[in-house]
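Asks: structure30.json is reproduced below (JSON, C-alpha atoms).
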```json
[["chain", "number", "residue", "atom", "x", "y", "z"],
["A", 1, "VAL", "CA", 112.72, 111.93, 112.21],
["A", 2, "GLU", "CA", 115.59, 111.86, 114.69],
["A", 3, "VAL", "CA", 115.57, 111.14, 118.41],
["A", 4, "SER", "CA", 116.62, 114.55, 119.63],
["A", 5, "GLU", "CA", 117.39, 113.94, 123.29],
["A", 6, "GLY", "CA", 119.00, 111.42, 125.59],
["A", 7, "LYS", "CA", 121.44, 108.59, 125.08],
["A", 8, "TYR", "CA", 120.17, 107.72, 121.59],
["A", 9, "ALA", "CA", 120.17, 111.20, 120.12],
["A", 10, "LYS", "CA", 120.60, 111.29, 116.34],
["A", 11, "VAL", "CA", 119.28, 107.75, 115.90],
["A", 12, "LEU", "CA", 116.89, 107.76, 112.95],
["A", 13, "HIS", "CA", 113.37, 106.78, 113.93],
["A", 14, "TYR", "CA", 113.27, 104.77, 110.67],
["A", 15, "ASP", "CA", 116.07, 102.56, 111.96],
["A", 16, "ALA", "CA", 114.65, 102.04, 115.44],
["A", 17, "HIS", "CA", 110.85, 102.06, 115.05],
["A", 18, "ASN", "CA", 110.28, 98.30, 115.28],
["A", 19, "LEU", "CA", 112.61, 97.87, 118.24],
["A", 20, "TYR", "CA", 109.53, 98.49, 120.38],
["A", 21, "ALA", "CA", 107.82, 95.43, 118.91],
["A", 22, "PHE", "CA", 111.01, 93.42, 119.39],
["A", 23, "ALA", "CA", 111.17, 94.49, 123.06],
["A", 24, "GLU", "CA", 107.49, 93.60, 123.52],
["A", 25, "SER", "CA", 108.08, 90.16, 122.04],
["A", 26, "ARG", "CA", 111.11, 89.51, 124.25],
["A", 27, "VAL", "CA", 109.45, 90.47, 127.50],
["A", 28, "THR", "CA", 106.28, 88.58, 126.57],
["A", 29, "ALA", "CA", 108.27, 85.43, 125.80],
["A", 30, "GLN", "CA", 110.16, 85.81, 129.09],
["A", 31, "ALA", "CA", 106.92, 86.24, 131.05],
["A", 32, "VAL", "CA", 105.17, 83.29, 129.41],
["A", 33, "SER", "CA", 108.24, 81.10, 129.94],
["A", 34, "LYS", "CA", 108.26, 82.04, 133.61],
["A", 35, "ILE", "CA", 104.57, 81.15, 133.97],
["A", 36, "ARG", "CA", 104.61, 78.03, 131.80],
["A", 37, "LYS", "CA", 107.76, 76.43, 133.14],
["A", 38, "GLN", "CA", 109.27, 73.65, 131.02],
["A", 39, "GLN", "CA", 106.85, 74.39, 128.19],
["A", 40, "ARG", "CA", 107.59, 76.04, 124.87],
["A", 41, "THR", "CA", 106.13, 79.48, 124.24],
["A", 42, "GLN", "CA", 104.37, 80.58, 121.08],
["A", 43, "ILE", "CA", 104.34, 84.33, 120.56],
["A", 44, "ILE", "CA", 103.03, 86.01, 117.40],
["A", 45, "SER", "CA", 103.85, 89.62, 116.56],
["A", 46, "ARG", "CA", 102.91, 91.91, 113.68],
["A", 47, "GLY", "CA", 105.97, 94.08, 114.27],
["A", 48, "SER", "CA", 109.47, 92.66, 114.09],
["A", 49, "PHE", "CA", 113.14, 93.56, 114.00],
["A", 50, "PRO", "CA", 116.34, 91.61, 113.26],
["A", 51, "GLY", "CA", 116.51, 88.98, 116.00],
["A", 52, "SER", "CA", 112.74, 88.76, 116.54],
["A", 53, "GLY", "CA", 112.66, 85.24, 115.17],
["A", 54, "HIS", "CA", 114.48, 84.04, 118.28],
["A", 55, "VAL", "CA", 111.48, 84.83, 120.48],
["A", 56, "THR", "CA", 108.43, 85.27, 118.27],
["A", 57, "GLY", "CA", 106.68, 84.31, 115.08],
["A", 58, "HIS", "CA", 105.25, 86.89, 112.70],
["A", 59, "TRP", "CA", 102.09, 87.40, 110.69],
["A", 60, "LEU", "CA", 102.11, 89.64, 107.66],
["A", 61, "GLY", "CA", 99.64, 92.18, 108.97],
["A", 62, "ASP", "CA", 96.20, 93.36, 107.92],
["A", 63, "ASN", "CA", 95.87, 92.20, 104.33],
["A", 64, "LYS", "CA", 92.79, 92.36, 102.11],
["A", 65, "SER", "CA", 90.45, 89.61, 101.01],
["A", 66, "GLU", "CA", 91.67, 89.91, 97.44],
["A", 67, "TRP", "CA", 93.50, 87.66, 95.00],
["A", 68, "ASP", "CA", 96.37, 90.16, 94.76],
["A", 69, "ASP", "CA", 96.97, 89.81, 98.49],
["A", 70, "LEU", "CA", 96.88, 86.02, 98.23],
["A", 71, "ARG", "CA", 99.64, 86.23, 95.62],
["A", 72, "ALA", "CA", 101.61, 88.77, 97.66],
["A", 73, "SER", "CA", 101.62, 86.52, 100.73],
["A", 74, "ILE", "CA", 104.16, 84.12, 99.20],
["A", 75, "PRO", "CA", 107.03, 86.61, 98.68],
["A", 76, "GLY", "CA", 106.17, 88.09, 102.08],
["A", 77, "ILE", "CA", 106.55, 84.72, 103.80],
["A", 78, "LEU", "CA", 109.73, 83.91, 101.90],
["A", 79, "THR", "CA", 111.26, 87.29, 102.75],
["A", 80, "MET", "CA", 110.57, 86.97, 106.47],
["A", 81, "GLY", "CA", 112.08, 83.47, 106.47],
["A", 82, "LEU", "CA", 115.25, 84.77, 104.85],
["A", 83, "LEU", "CA", 115.36, 87.52, 107.50],
["A", 84, "GLY", "CA", 115.46, 84.98, 110.31],
["A", 85, "ILE", "CA", 111.78, 84.65, 111.20],
["A", 86, "PRO", "CA", 110.79, 81.14, 110.08],
["A", 87, "PHE", "CA", 107.42, 80.92, 111.88],
["A", 88, "VAL", "CA", 105.46, 83.23, 109.59],
["A", 89, "GLY", "CA", 102.17, 83.32, 107.71],
["A", 90, "ALA", "CA", 99.38, 85.52, 106.39],
["A", 91, "ASP", "CA", 95.80, 86.05, 107.51],
["A", 92, "VAL", "CA", 94.17, 83.19, 105.61],
["A", 93, "CYS", "CA", 91.15, 84.22, 103.48],
["A", 94, "GLY", "CA", 92.12, 87.85, 104.02],
["A", 95, "PHE", "CA", 91.56, 90.28, 106.91],
["A", 96, "ASN", "CA", 89.91, 93.42, 105.52],
["A", 97, "GLY", "CA", 86.82, 93.15, 103.34],
["A", 98, "ASP", "CA", 84.58, 90.23, 102.46],
["A", 99, "THR", "CA", 86.26, 87.13, 101.11],
["A", 100, "THR", "CA", 84.68, 84.81, 98.57],
["A", 101, "ARG", "CA", 84.12, 81.07, 98.68],
["A", 102, "GLU", "CA", 86.73, 80.31, 96.04],
["A", 103, "LEU", "CA", 89.31, 82.71, 97.44],
["A", 104, "CYS", "CA", 88.93, 81.31, 100.95],
["A", 105, "ILE", "CA", 89.31, 77.74, 99.69],
["A", 106, "ARG", "CA", 92.42, 78.55, 97.69],
["A", 107, "TRP", "CA", 93.94, 80.58, 100.53],
["A", 108, "THR", "CA", 93.27, 77.78, 103.02],
["A", 109, "GLN", "CA", 94.98, 75.30, 100.71],
["A", 110, "LEU", "CA", 98.02, 77.58, 100.49],
["A", 111, "GLY", "CA", 98.01, 78.65, 104.13],
["A", 112, "SER", "CA", 97.85, 75.08, 105.37],
["A", 113, "LEU", "CA", 101.33, 74.57, 103.90],
["A", 114, "THR", "CA", 102.92, 77.68, 105.38],
["A", 115, "PRO", "CA", 104.70, 77.66, 108.77],
["A", 116, "PHE", "CA", 102.04, 79.76, 110.56],
["A", 117, "PHE", "CA", 98.45, 78.95, 109.57],
["A", 118, "ARG", "CA", 95.53, 81.07, 110.82],
["A", 119, "ASN", "CA", 92.18, 82.14, 109.40],
["A", 120, "HIS", "CA", 91.61, 85.69, 110.69],
["A", 121, "ASN", "CA", 89.45, 88.64, 109.68],
["A", 122, "THR", "CA", 88.19, 91.97, 110.93],
["A", 123, "LEU", "CA", 85.00, 92.91, 112.77],
["A", 124, "GLY", "CA", 82.11, 93.54, 110.41],
["A", 125, "ALA", "CA", 83.40, 91.35, 107.59],
["A", 126, "ARG", "CA", 81.48, 88.28, 106.50],
["A", 127, "ASP", "CA", 82.08, 85.06, 108.38],
["A", 128, "GLN", "CA", 84.88, 83.01, 106.83],
["A", 129, "GLU", "CA", 85.56, 80.17, 109.26],
["A", 130, "PRO", "CA", 85.26, 76.71, 107.65],
["A", 131, "THR", "CA", 81.73, 76.16, 108.99],
["A", 132, "ALA", "CA", 80.52, 79.37, 107.32],
["A", 133, "TRP", "CA", 80.62, 77.68, 103.90],
["A", 134, "ASP", "CA", 78.57, 75.02, 102.17],
["A", 135, "GLU", "CA", 79.21, 71.31, 102.61],
["A", 136, "GLU", "CA", 81.42, 70.96, 99.53],
["A", 137, "ALA", "CA", 83.62, 73.87, 100.61],
["A", 138, "GLN", "CA", 83.84, 72.46, 104.13],
["A", 139, "ASP", "CA", 85.01, 69.12, 102.74],
["A", 140, "ILE", "CA", 87.75, 70.81, 100.69],
["A", 141, "ILE", "CA", 88.90, 72.94, 103.62],
["A", 142, "ARG", "CA", 88.82, 69.93, 105.94],
["A", 143, "LYS", "CA", 91.02, 68.04, 103.50],
["A", 144, "ALA", "CA", 93.58, 70.88, 103.52],
["A", 145, "ILE", "CA", 93.62, 71.01, 107.33],
["A", 146, "GLU", "CA", 93.94, 67.22, 107.61],
["A", 147, "ARG", "CA", 96.83, 67.35, 105.14],
["A", 148, "ARG", "CA", 98.58, 69.81, 107.43],
["A", 149, "TYR", "CA", 98.09, 67.53, 110.42],
["A", 150, "SER", "CA", 99.54, 64.62, 108.46],
["A", 151, "LEU", "CA", 102.61, 66.75, 107.69],
["A", 152, "LEU", "CA", 103.20, 67.94, 111.27],
["A", 153, "PRO", "CA", 106.17, 65.59, 111.87],
["A", 154, "TYR", "CA", 107.81, 66.93, 108.70],
["A", 155, "LEU", "CA", 106.97, 70.56, 109.56],
["A", 156, "TYR", "CA", 108.29, 70.06, 113.09],
["A", 157, "THR", "CA", 111.53, 68.66, 111.69],
["A", 158, "CYS", "CA", 111.83, 71.72, 109.44],
["A", 159, "MET", "CA", 111.28, 74.02, 112.41],
["A", 160, "VAL", "CA", 114.00, 72.22, 114.37],
["A", 161, "ALA", "CA", 116.37, 72.71, 111.43],
["A", 162, "ALA", "CA", 115.44, 76.41, 111.31],
["A", 163, "HIS", "CA", 116.16, 76.72, 115.04],
["A", 164, "ARG", "CA", 119.52, 75.00, 114.76],
["A", 165, "THR", "CA", 120.83, 76.34, 111.45],
["A", 166, "GLY", "CA", 118.71, 79.36, 110.49],
["A", 167, "VAL", "CA", 117.53, 77.82, 107.23],
["A", 168, "PRO", "CA", 113.93, 78.94, 106.53],
["A", 169, "VAL", "CA", 111.03, 76.50, 106.68],
["A", 170, "ALA", "CA", 109.34, 78.07, 103.64],
["A", 171, "ARG", "CA", 112.13, 78.84, 101.20],
["A", 172, "PRO", "CA", 112.62, 79.97, 97.59],
["A", 173, "LEU", "CA", 113.27, 77.25, 95.03],
["A", 174, "MET", "CA", 116.66, 78.75, 94.29],
["A", 175, "MET", "CA", 117.85, 77.69, 97.77],
["A", 176, "GLU", "CA", 117.37, 73.99, 96.97],
["A", 177, "PHE", "CA", 118.53, 73.73, 93.36],
["A", 178, "ASP", "CA", 121.79, 74.93, 91.88],
["A", 179, "GLY", "CA", 123.64, 74.90, 88.58],
["A", 180, "GLU", "CA", 122.10, 76.47, 85.51],
["A", 181, "GLU", "CA", 118.58, 75.89, 86.86],
["A", 182, "ARG", "CA", 119.14, 78.42, 89.60],
["A", 183, "LEU", "CA", 119.10, 81.22, 87.02],
["A", 184, "GLU", "CA", 115.52, 80.25, 86.11],
["A", 185, "LEU", "CA", 114.49, 80.05, 89.75],
["A", 186, "VAL", "CA", 115.74, 83.43, 91.01],
["A", 187, "GLY", "CA", 112.51, 85.26, 90.19],
["A", 188, "VAL", "CA", 110.05, 82.51, 91.14],
["A", 189, "ASP", "CA", 107.68, 83.85, 93.82],
["A", 190, "ALA", "CA", 104.48, 81.97, 92.99],
["A", 191, "GLN", "CA", 105.95, 78.66, 94.19],
["A", 192, "PHE", "CA", 108.01, 77.74, 97.22],
["A", 193, "MET", "CA", 109.63, 74.83, 98.99],
["A", 194, "VAL", "CA", 108.60, 73.66, 102.45],
["A", 195, "GLY", "CA", 111.81, 72.19, 103.75],
["A", 196, "PRO", "CA", 114.02, 70.33, 101.28],
["A", 197, "ALA", "CA", 111.39, 67.99, 99.82],
["A", 198, "LEU", "CA", 107.94, 69.59, 99.43],
["A", 199, "LEU", "CA", 107.28, 71.86, 96.44],
["A", 200, "VAL", "CA", 104.11, 73.97, 96.69],
["A", 201, "THR", "CA", 102.55, 75.23, 93.46],
["A", 202, "PRO", "CA", 99.23, 76.81, 94.45],
["A", 203, "VAL", "CA", 96.42, 78.23, 92.33],
["A", 204, "LEU", "CA", 96.61, 82.00, 92.71],
["A", 205, "HIS", "CA", 94.09, 83.27, 90.16],
["A", 206, "GLU", "CA", 90.31, 83.23, 90.25],
["A", 207, "GLY", "CA", 88.54, 80.57, 88.22],
["A", 208, "MET", "CA", 91.65, 78.55, 87.37],
["A", 209, "THR", "CA", 91.60, 74.76, 87.47],
["A", 210, "ASN", "CA", 95.22, 74.29, 86.42],
["A", 211, "VAL", "CA", 98.45, 75.95, 87.43],
["A", 212, "SER", "CA", 101.79, 76.50, 85.74],
["A", 213, "GLY", "CA", 105.11, 76.34, 87.50],
["A", 214, "ILE", "CA", 108.71, 75.31, 87.27],
["A", 215, "PHE", "CA", 109.59, 71.78, 88.34],
["A", 216, "PRO", "CA", 113.39, 71.59, 88.70],
["A", 217, "THR", "CA", 115.24, 68.46, 87.70],
["A", 218, "ALA", "CA", 114.27, 65.87, 90.30],
["A", 219, "ARG", "CA", 111.89, 62.96, 90.77],
["A", 220, "TRP", "CA", 108.55, 64.42, 91.80],
["A", 221, "TYR", "CA", 105.56, 62.65, 93.34],
["A", 222, "GLU", "CA", 102.00, 63.76, 93.97],
["A", 223, "LEU", "CA", 101.58, 64.28, 97.72],
["A", 224, "GLU", "CA", 98.13, 62.74, 98.12],
["A", 225, "THR", "CA", 98.61, 59.54, 96.12],
["A", 226, "GLY", "CA", 102.36, 59.06, 95.90],
["A", 227, "ALA", "CA", 102.03, 58.68, 92.14],
["A", 228, "PRO", "CA", 104.89, 59.97, 89.98],
["A", 229, "LEU", "CA", 104.07, 63.48, 88.84],
["A", 230, "GLN", "CA", 104.31, 63.96, 85.10],
["A", 231, "PRO", "CA", 103.44, 67.59, 84.39],
["A", 232, "LYS", "CA", 102.20, 68.44, 80.91],
["A", 233, "PRO", "CA", 104.74, 70.56, 78.98],
["A", 234, "TRP", "CA", 103.65, 74.17, 78.76],
["A", 235, "GLU", "CA", 104.45, 76.16, 75.64],
["A", 236, "GLY", "CA", 104.72, 79.44, 77.43],
["A", 237, "ARG", "CA", 107.38, 82.09, 77.73],
["A", 238, "VAL", "CA", 108.97, 80.82, 80.94],
["A", 239, "PRO", "CA", 111.73, 78.28, 80.24],
["A", 240, "GLY", "CA", 111.16, 75.01, 82.05],
["A", 241, "ALA", "CA", 107.58, 75.83, 83.09],
["A", 242, "VAL", "CA", 104.92, 73.13, 82.96],
["A", 243, "ARG", "CA", 101.19, 72.96, 83.62],
["A", 244, "VAL", "CA", 99.41, 70.65, 86.05],
["A", 245, "GLN", "CA", 95.72, 70.17, 86.79],
["A", 246, "ALA", "CA", 94.45, 71.64, 90.05],
["A", 247, "GLY", "CA", 90.69, 71.54, 90.46],
["A", 248, "LEU", "CA", 89.08, 73.47, 93.27],
["A", 249, "GLY", "CA", 89.66, 70.60, 95.69],
["A", 250, "GLU", "CA", 93.36, 70.27, 94.82],
["A", 251, "ILE", "CA", 96.61, 72.12, 95.37]]
```
Take the structure in this file and express it as structure tokens.
Replies:
Amino acid sequence: VEVSEGKYAKVLHYDAHNLYAFAESRVTAQAVSKIRKQQRTQIISRGSFPGSGHVTGHWLGDNKSEWDDLRASIPGILTMGLLGIPFVGADVCGFNGDTTRELCIRWTQLGSLTPFFRNHNTLGARDQEPTAWDEEAQDIIRKAIERRYSLLPYLYTCMVAAHRTGVPVARPLMMEFDGEERLELVGVDAQFMVGPALLVTPVLHEGMTNVSGIFPTARWYELETGAPLQPKPWEGRVPGAVRVQAGLGEI
């Protein structure tokens, strides 16, 4: 579809469609800044365009409460970060459809370590806020949220670096490790780095209590305890992959 009249005739609609969302984000940020003088704004948009990251964050849109969508959220977040929108995240627990207890726990654990963290669903779907679950599930979700709060100084530092240099907050492993290892890391989209020091290897499949991933050459420590992490070698097809335990209360 082409714009047929006016100054922008012959501009493909495909190339200009999300400019409207960009313009909305800009004017909203300007208005909020005018009202809330000397205070930072926080704008979230579902539509974006190159340059949107300067004025708004982004959420990945109306996903489904399914394990496939949980897995798809990681490459989506990494892609938006590489495109200059570092404050990005998915609808935790899923938006459309009814989530499950296990899926919501696992998604909360993952989402709590992404730049933008929000539990959000559609009208008519089952309740999925933390208090909608049993006491054990609430304890696990509370632990994930408290972990995020404990990491806020680190996350804030990563956001400052993103603002100053453009480096994403959530980034592919290949951005942090070079040499021959980088060849193994190019296709990794089930793990990601938060800043230069935190490697996230979440459980992404139903019923799993362990997770496999690549741990590049470095000295790794378990986040909760500070204990040296010694992953069990995994005799799989992926070179350099190892397996670590991750019960329902762990990520």
Asks: What does the structure give for the distance between atom CA of Asn96 of chain A and atom CA of Ile145 of chain A, in Å to one decimal?
Replies: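 So the two atoms, atom CA of Asn96 of chain A and atom CA of Ile145 of chain A, lie 22.8 Å apart.
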Asks: What is the distance, in Å and to one decimal place, between atom CA of Arg171 of chain A and atom CA of Asn121 of chain A?
Replies: 26.1 Å
Asks: With all atoms listed in the file as the counted atoms, please give the residues lying no more than 7 Å from Thr56 of chain A, apart from itself and same-chain residues fewer than 2 positions off, as a VMD selection string.
Replies: chain A and resid 25 42 to 45 52 to 54 58
Asks: Between A:Ala190, A:Ala29, A:Ala218, A:Leu229, which one has atoms that come closest to Ala72 of chain A, using all atoms listed in the file?
Replies: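 When distances to Ala72 of chain A are compared using all atoms listed in the file, the smallest one comes from A:Ala190.
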Asks: Name the residues in contact with Thr79 of chain A at a cut-off of 10 Å, using only C-alpha atoms, excluding same-chain residues fewer than 4 positions from it; report them as number ranges by chain.
Replies: A: 73-75, 83-86, 88, 168, 170-172
Asks: Generate a file of the selected residues that holds C-alpha atoms, formatted as a JSON list (two decimals), keeping the file's coordinate frame.
Replies:
```json
[["chain", "number", "residue", "atom", "x", "y", "z"],
["A", 73, "SER", "CA", 101.62, 86.52, 100.73],
["A", 74, "ILE", "CA", 104.16, 84.12, 99.20],
["A", 75, "PRO", "CA", 107.03, 86.61, 98.68],
["A", 83, "LEU", "CA", 115.36, 87.52, 107.50],
["A", 84, "GLY", "CA", 115.46, 84.98, 110.31],
["A", 85, "ILE", "CA", 111.78, 84.65, 111.20],
["A", 86, "PRO", "CA", 110.79, 81.14, 110.08],
["A", 88, "VAL", "CA", 105.46, 83.23, 109.59],
["A", 168, "PRO", "CA", 113.93, 78.94, 106.53],
["A", 170, "ALA", "CA", 109.34, 78.07, 103.64],
["A", 171, "ARG", "CA", 112.13, 78.84, 101.20],
["A", 172, "PRO", "CA", 112.62, 79.97, 97.59]]
```
Asks: In Å, how far is it from atom CA of Arg142 of chain A to atom CA of Gln191 of chain A?
Replies: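 Those two atoms sit 22.5 Å apart.
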Asks: List the neighbours of segment 224-226 of chain A out to 10 Å using all atoms listed in the file; skip same-chain residues closer than 2 positions along the sequence, and give me the result as a ChimeraX atom specification.
Replies: /A:147,220-222,228-229,250-251
Asks: Given the choices A:Thr28, A:Thr201, A:Gln245, A:Ser33, which gets closest to Leu113 of chain A if the distance is worked out from only C-alpha atoms?
Replies: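 Looking at the shortest contact to Leu113 of chain A, the residue is A:Thr201.
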Asks: Go through A:Ala90, A:Leu199, A:Leu173, A:Leu12 one by one, measure the shortest atom-to-atom distance of each to Arg71 of chain A using only C-alpha atoms, and give the residue with the smallest value.
Replies: A:Ala90
Asks: Applying 12 Å and only C-alpha atoms, which residues near Trp107 of chain A remain after dropping the ones on its own chain fewer than 6 positions away? List them as a PyMOL selection string.
Replies: chain A and resi 64-74+89-95+99-101+113-114+117-120+128+130+140-141+144-145+202-206+248-251
Asks: Between A:Arg40, A:Val55, A:Glu135, A:Glu176, which one has atoms that come closest to Val27 of chain A, using only C-alpha atoms?
Replies: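 The answer is A:Val55, which sits nearest to Val27 of chain A.
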